[in-house]
Amino acid sequence: MIKFKINDQQVQAQPGWTVLETARQHGINIPTLCYHEAVEPSGACRLCVVELREGDWSKVVISCMYPVAEGLNVYTDSQRVKNVRRWILEMLLAECPASKEIQALAAEYGVGSTRFAVHNPEEQCILCGLCSRVCAQVVGANAISTVGRGVHKQIGAPYMIPTDKCVACGCCVTVCPTGAMRSRFDAVRGVPKVVLAHGAR
Ligand code: SF4
Ligand code: SF4
Ligand code: FES
């Protein structure tokens, strides 16, 4: 077992675990958006930042991808961590201003508005890719991915054309941390057409 400290508390981890996995095993909360234990982490949202300290040296890392090591000194809620999280939440508010989930999370950290440019006031998606990773790695359907480039990048079926690869399991909607996938779902699978019998009105 690997021994180190989180918030001055001694913790133990299996080799290969991440700081986030160890924190969760010990009931220590670290907020996440793009992480789900069923799929490989991607480090997309950066909300899971923690501070590593050694003497008067310290650095901020993302806990969902940072491997445990003997003697680490991790702080999950230090002033530096809170400042970085607020900054990330401000960026997320600009990226997906219409997401109630992100607004609520930002409010928890005292962030009520953003100084960053808002390109689409209706946007809810942070392009974290959790939906497409679950679709590929858990469901095995590979129905969705990021489509387009730059500010036009979005999540959807290839060429934004409804695909029969989607088995309508709803896993993408369930894991989406911002509520964005709810409104994209019909566009991915195609709204079933009502076929009227001959002569029906
Ligand atoms: S739809 Fe949701 S899960 Fe998918 S990329 Fe956007 S925010 Fe992430
Ligand atoms: S509902 Fe469709 S797009 Fe969503 S995870 Fe299931 S198969 Fe993939
Ligand atoms: S949860 Fe770690 S980067 Fe998103």
# chains A, B, ... in the order shown; residues from 1 in each chain; ligands from 1
>>> residues_near_ligand(ligand="ligand 3", cutoff="6 Å", atoms="only C-alpha atoms and all ligand atoms", output="list in words")
Thr32, Leu33, Cys34, Tyr35, Gly43, Ala44, Cys45, Arg46, Leu47, Cys48, Ile62, Ser63 and Cys64 of chain A
>>> write_last_selection(atoms="N, CA, C and O atoms", output="short mmCIF file (atom, residue, chain, number, x, y, z; two decimals), in the first residue's frame")
data_model
loop_
_atom_site.label_atom_id
_atom_site.label_comp_id
_atom_site.auth_asym_id
_atom_site.auth_seq_id
_atom_site.Cartn_x
_atom_site.Cartn_y
_atom_site.Cartn_z
N THR A 32 -16.10 17.22 -9.13
CA THR A 32 -15.69 16.79 -10.48
C THR A 32 -16.85 17.07 -11.44
O THR A 32 -18.00 17.13 -11.04
N LEU A 33 -16.52 17.20 -12.72
CA LEU A 33 -17.55 17.30 -13.75
C LEU A 33 -17.34 16.22 -14.82
O LEU A 33 -18.27 15.53 -15.20
N CYS A 34 -16.11 16.08 -15.30
CA CYS A 34 -15.89 15.18 -16.44
C CYS A 34 -15.46 13.78 -16.01
O CYS A 34 -15.16 12.95 -16.86
N TYR A 35 -15.45 13.51 -14.70
CA TYR A 35 -14.99 12.21 -14.21
C TYR A 35 -16.16 11.26 -13.98
O TYR A 35 -17.20 11.67 -13.47
N GLY A 43 -9.40 14.50 -17.97
CA GLY A 43 -8.81 15.77 -17.52
C GLY A 43 -9.38 16.98 -18.23
O GLY A 43 -8.71 18.00 -18.36
N ALA A 44 -10.63 16.90 -18.66
CA ALA A 44 -11.18 17.97 -19.50
C ALA A 44 -11.67 19.19 -18.72
O ALA A 44 -11.51 20.31 -19.17
N CYS A 45 -12.28 19.00 -17.55
CA CYS A 45 -12.93 20.14 -16.88
C CYS A 45 -12.01 20.87 -15.91
O CYS A 45 -12.21 22.04 -15.63
N ARG A 46 -11.06 20.19 -15.33
CA ARG A 46 -10.06 20.71 -14.40
C ARG A 46 -10.64 21.15 -13.06
O ARG A 46 -9.96 21.76 -12.25
N LEU A 47 -11.91 20.84 -12.82
CA LEU A 47 -12.52 21.28 -11.56
C LEU A 47 -11.96 20.51 -10.35
O LEU A 47 -12.02 20.99 -9.23
N CYS A 48 -11.42 19.33 -10.61
CA CYS A 48 -10.96 18.47 -9.51
C CYS A 48 -9.57 18.83 -9.01
O CYS A 48 -8.90 18.01 -8.41
N ILE A 62 -4.50 18.20 -11.39
CA ILE A 62 -5.86 17.65 -11.45
C ILE A 62 -5.85 16.25 -10.83
O ILE A 62 -5.10 15.38 -11.25
N SER A 63 -6.70 16.10 -9.82
CA SER A 63 -6.65 14.88 -9.01
C SER A 63 -7.16 13.64 -9.73
O SER A 63 -6.78 12.53 -9.37
N CYS A 64 -7.99 13.79 -10.75
CA CYS A 64 -8.55 12.60 -11.41
C CYS A 64 -7.52 11.90 -12.29
O CYS A 64 -7.75 10.78 -12.73
#
>>> closest_atom_pairs(of="chain A", to="ligand 2", cutoff="9 Å", atoms="only C-alpha atoms and all ligand atoms", output="tab-separated table")
residue	atom	partner	partner_atom_place_in_ligand_line	distance
A:Cys131	CA	ligand 2	5 (S)	6.5
A:Ser132	CA	ligand 2	8 (Fe)	6.9
A:Arg133	CA	ligand 2	5 (S)	8.6
A:Val134	CA	ligand 2	5 (S)	6.2
A:Cys135	CA	ligand 2	5 (S)	3.9
A:Ala136	CA	ligand 2	8 (Fe)	7.2
A:Val138	CA	ligand 2	5 (S)	8.2
A:Val139	CA	ligand 2	5 (S)	6.2
A:Gly140	CA	ligand 2	7 (S)	7.7
A:Ala141	CA	ligand 2	7 (S)	5.1
A:Asn142	CA	ligand 2	8 (Fe)	6.4
A:Ala143	CA	ligand 2	3 (S)	5.0
A:Ile144	CA	ligand 2	3 (S)	5.5
A:Ser145	CA	ligand 2	3 (S)	8.9
A:Gly156	CA	ligand 2	3 (S)	8.1
A:Ala157	CA	ligand 2	3 (S)	7.7
A:Thr163	CA	ligand 2	2 (Fe)	8.6
A:Asp164	CA	ligand 2	2 (Fe)	8.6
A:Lys165	CA	ligand 2	7 (S)	6.5
A:Cys166	CA	ligand 2	2 (Fe)	3.6
A:Val167	CA	ligand 2	7 (S)	4.3
A:Ala168	CA	ligand 2	1 (S)	3.8
A:Cys169	CA	ligand 2	6 (Fe)	4.1
A:Gly170	CA	ligand 2	1 (S)	3.9
A:Cys171	CA	ligand 2	5 (S)	4.5
A:Cys172	CA	ligand 2	4 (Fe)	4.2
A:Val173	CA	ligand 2	4 (Fe)	6.5
A:Thr174	CA	ligand 2	5 (S)	8.8
A:Met181	CA	ligand 2	4 (Fe)	8.4
A:Phe185	CA	ligand 2	1 (S)	7.0
A:Val188	CA	ligand 2	3 (S)	6.4
A:Arg189	CA	ligand 2	2 (Fe)	6.5
>>> write_last_selection(atoms="C-alpha atoms", output="tab-separated table (two decimals), in the first residue's frame")
chain	number	residue	atom	x	y	z
A	131	CYS	CA	-21.12	11.39	-22.76
A	132	SER	CA	-19.09	10.13	-25.73
A	133	ARG	CA	-16.63	8.22	-23.50
A	134	VAL	CA	-19.53	6.44	-21.78
A	135	CYS	CA	-21.17	5.74	-25.13
A	136	ALA	CA	-17.93	4.23	-26.47
A	138	VAL	CA	-19.45	1.39	-21.48
A	139	VAL	CA	-22.27	1.06	-24.00
A	140	GLY	CA	-19.98	0.17	-26.91
A	141	ALA	CA	-22.17	2.09	-29.35
A	142	ASN	CA	-19.73	4.83	-30.45
A	143	ALA	CA	-22.72	6.88	-31.56
A	144	ILE	CA	-21.47	10.34	-30.55
A	145	SER	CA	-18.27	12.37	-30.54
A	156	GLY	CA	-23.35	14.90	-31.65
A	157	ALA	CA	-23.61	12.07	-34.13
A	163	THR	CA	-27.52	7.63	-36.27
A	164	ASP	CA	-28.92	4.14	-35.76
A	165	LYS	CA	-25.75	3.33	-33.81
A	166	CYS	CA	-27.54	4.98	-30.89
A	167	VAL	CA	-29.44	2.36	-28.92
A	168	ALA	CA	-31.34	5.01	-26.94
A	169	CYS	CA	-30.00	3.70	-23.62
A	170	GLY	CA	-29.87	7.22	-22.16
A	171	CYS	CA	-26.49	6.68	-20.44
A	172	CYS	CA	-25.10	9.86	-22.03
A	173	VAL	CA	-27.99	11.88	-20.59
A	174	THR	CA	-27.53	10.32	-17.16
A	181	MET	CA	-27.25	16.08	-23.32
A	185	PHE	CA	-30.61	13.43	-27.42
A	188	VAL	CA	-28.57	12.03	-32.04
A	189	ARG	CA	-31.10	9.23	-32.34
>>> closest_residue(among="A:Gly148, A:Gly71, A:Pro158, A:Pro41", to="Arg53 in chain A", atoms="only C-alpha atoms")
A:Gly71
>>> residues_near_ligand(ligand="ligand 1", cutoff="7 Å", atoms="only C-alpha atoms and all ligand atoms", output="PyMOL selection string")
chain A and resi 34+124-132+155+172+175-181
>>> write_last_selection(atoms="N, CA, C and O atoms", output="PDB file, in the first residue's frame")
ATOM      1  N   CYS A  34     -16.108  16.082 -15.298  1.00  0.00           N
ATOM      2  CA  CYS A  34     -15.889  15.179 -16.439  1.00  0.00           C
ATOM      3  C   CYS A  34     -15.462  13.779 -16.011  1.00  0.00           C
ATOM      4  O   CYS A  34     -15.157  12.946 -16.858  1.00  0.00           O
ATOM      5  N   GLN A 124     -25.183  24.949 -23.139  1.00  0.00           N
ATOM      6  CA  GLN A 124     -25.183  24.222 -21.865  1.00  0.00           C
ATOM      7  C   GLN A 124     -24.008  23.251 -21.773  1.00  0.00           C
ATOM      8  O   GLN A 124     -23.751  22.692 -20.711  1.00  0.00           O
ATOM      9  N   CYS A 125     -23.329  23.010 -22.892  1.00  0.00           N
ATOM     10  CA  CYS A 125     -22.318  21.949 -22.951  1.00  0.00           C
ATOM     11  C   CYS A 125     -20.918  22.505 -22.692  1.00  0.00           C
ATOM     12  O   CYS A 125     -20.546  23.544 -23.226  1.00  0.00           O
ATOM     13  N   ILE A 126     -20.132  21.796 -21.880  1.00  0.00           N
ATOM     14  CA  ILE A 126     -18.744  22.218 -21.637  1.00  0.00           C
ATOM     15  C   ILE A 126     -17.752  21.378 -22.455  1.00  0.00           C
ATOM     16  O   ILE A 126     -16.554  21.458 -22.230  1.00  0.00           O
ATOM     17  N   LEU A 127     -18.281  20.557 -23.355  1.00  0.00           N
ATOM     18  CA  LEU A 127     -17.449  19.712 -24.218  1.00  0.00           C
ATOM     19  C   LEU A 127     -16.484  18.851 -23.404  1.00  0.00           C
ATOM     20  O   LEU A 127     -15.320  18.689 -23.767  1.00  0.00           O
ATOM     21  N   CYS A 128     -16.988  18.318 -22.298  1.00  0.00           N
ATOM     22  CA  CYS A 128     -16.115  17.499 -21.450  1.00  0.00           C
ATOM     23  C   CYS A 128     -15.927  16.099 -22.016  1.00  0.00           C
ATOM     24  O   CYS A 128     -15.027  15.372 -21.603  1.00  0.00           O
ATOM     25  N   GLY A 129     -16.812  15.692 -22.934  1.00  0.00           N
ATOM     26  CA  GLY A 129     -16.658  14.393 -23.598  1.00  0.00           C
ATOM     27  C   GLY A 129     -17.068  13.199 -22.748  1.00  0.00           C
ATOM     28  O   GLY A 129     -16.899  12.057 -23.176  1.00  0.00           O
ATOM     29  N   LEU A 130     -17.631  13.450 -21.563  1.00  0.00           N
ATOM     30  CA  LEU A 130     -18.019  12.305 -20.726  1.00  0.00           C
ATOM     31  C   LEU A 130     -19.087  11.459 -21.410  1.00  0.00           C
ATOM     32  O   LEU A 130     -19.044  10.231 -21.382  1.00  0.00           O
ATOM     33  N   CYS A 131     -20.046  12.123 -22.072  1.00  0.00           N
ATOM     34  CA  CYS A 131     -21.118  11.390 -22.760  1.00  0.00           C
ATOM     35  C   CYS A 131     -20.558  10.458 -23.833  1.00  0.00           C
ATOM     36  O   CYS A 131     -20.936   9.291 -23.921  1.00  0.00           O
ATOM     37  N   SER A 132     -19.612  10.962 -24.629  1.00  0.00           N
ATOM     38  CA  SER A 132     -19.093  10.128 -25.728  1.00  0.00           C
ATOM     39  C   SER A 132     -18.178   9.026 -25.196  1.00  0.00           C
ATOM     40  O   SER A 132     -18.133   7.931 -25.749  1.00  0.00           O
ATOM     41  N   ILE A 155     -21.067  18.368 -29.436  1.00  0.00           N
ATOM     42  CA  ILE A 155     -21.219  16.912 -29.295  1.00  0.00           C
ATOM     43  C   ILE A 155     -22.414  16.462 -30.118  1.00  0.00           C
ATOM     44  O   ILE A 155     -23.476  17.086 -30.073  1.00  0.00           O
ATOM     45  N   CYS A 172     -25.745   8.555 -21.803  1.00  0.00           N
ATOM     46  CA  CYS A 172     -25.105   9.858 -22.031  1.00  0.00           C
ATOM     47  C   CYS A 172     -25.850  10.960 -21.293  1.00  0.00           C
ATOM     48  O   CYS A 172     -25.236  11.868 -20.722  1.00  0.00           O
ATOM     49  N   VAL A 175     -25.128  10.680 -17.394  1.00  0.00           N
ATOM     50  CA  VAL A 175     -23.818  11.095 -16.867  1.00  0.00           C
ATOM     51  C   VAL A 175     -23.495  12.559 -17.148  1.00  0.00           C
ATOM     52  O   VAL A 175     -22.615  13.119 -16.495  1.00  0.00           O
ATOM     53  N   CYS A 176     -24.183  13.178 -18.076  1.00  0.00           N
ATOM     54  CA  CYS A 176     -23.855  14.567 -18.443  1.00  0.00           C
ATOM     55  C   CYS A 176     -23.949  15.483 -17.207  1.00  0.00           C
ATOM     56  O   CYS A 176     -24.993  15.575 -16.583  1.00  0.00           O
ATOM     57  N   PRO A 177     -22.851  16.176 -16.870  1.00  0.00           N
ATOM     58  CA  PRO A 177     -22.860  16.965 -15.626  1.00  0.00           C
ATOM     59  C   PRO A 177     -23.548  18.314 -15.750  1.00  0.00           C
ATOM     60  O   PRO A 177     -23.735  18.996 -14.750  1.00  0.00           O
ATOM     61  N   THR A 178     -23.926  18.722 -16.959  1.00  0.00           N
ATOM     62  CA  THR A 178     -24.470  20.075 -17.125  1.00  0.00           C
ATOM     63  C   THR A 178     -25.916  20.098 -17.601  1.00  0.00           C
ATOM     64  O   THR A 178     -26.501  21.174 -17.731  1.00  0.00           O
ATOM     65  N   GLY A 179     -26.467  18.942 -17.900  1.00  0.00           N
ATOM     66  CA  GLY A 179     -27.830  18.899 -18.428  1.00  0.00           C
ATOM     67  C   GLY A 179     -27.890  19.102 -19.935  1.00  0.00           C
ATOM     68  O   GLY A 179     -28.967  19.079 -20.527  1.00  0.00           O
ATOM     69  N   ALA A 180     -26.722  19.280 -20.580  1.00  0.00           N
ATOM     70  CA  ALA A 180     -26.714  19.597 -22.011  1.00  0.00           C
ATOM     71  C   ALA A 180     -27.206  18.447 -22.881  1.00  0.00           C
ATOM     72  O   ALA A 180     -27.833  18.668 -23.920  1.00  0.00           O
ATOM     73  N   MET A 181     -26.940  17.212 -22.441  1.00  0.00           N
ATOM     74  CA  MET A 181     -27.250  16.077 -23.317  1.00  0.00           C
ATOM     75  C   MET A 181     -28.763  15.848 -23.448  1.00  0.00           C
ATOM     76  O   MET A 181     -29.216  15.287 -24.443  1.00  0.00           O
TER      77      MET A 181
END
>>> residues_around(residues="Asn83 in chain A", least_positions_apart="3", cutoff="12 Å", atoms="only C-alpha atoms", output="PyMOL selection string")
chain A and resi 47+49-51+60+76-80+86-90+109-111
>>> atom_distance(atom1="CA of Arg184 in chain A", atom2="CA of Thr146 in chain A")
12.5 Å
>>> residues_around(residues="Asn73 in chain A", least_positions_apart="2", cutoff="12 Å", atoms="only C-alpha atoms", output="number ranges by chain")
A: 3-11, 19, 50-60, 68-71, 75-76
>>> select_by_dssp(residues="range 1-198 of chain A", states="helix (DSSP H, G or I)", output="MDAnalysis selection string")
chainID A and resid 19:25 79:95 100:108 130:139 150:152 158:160 171:175 180:189
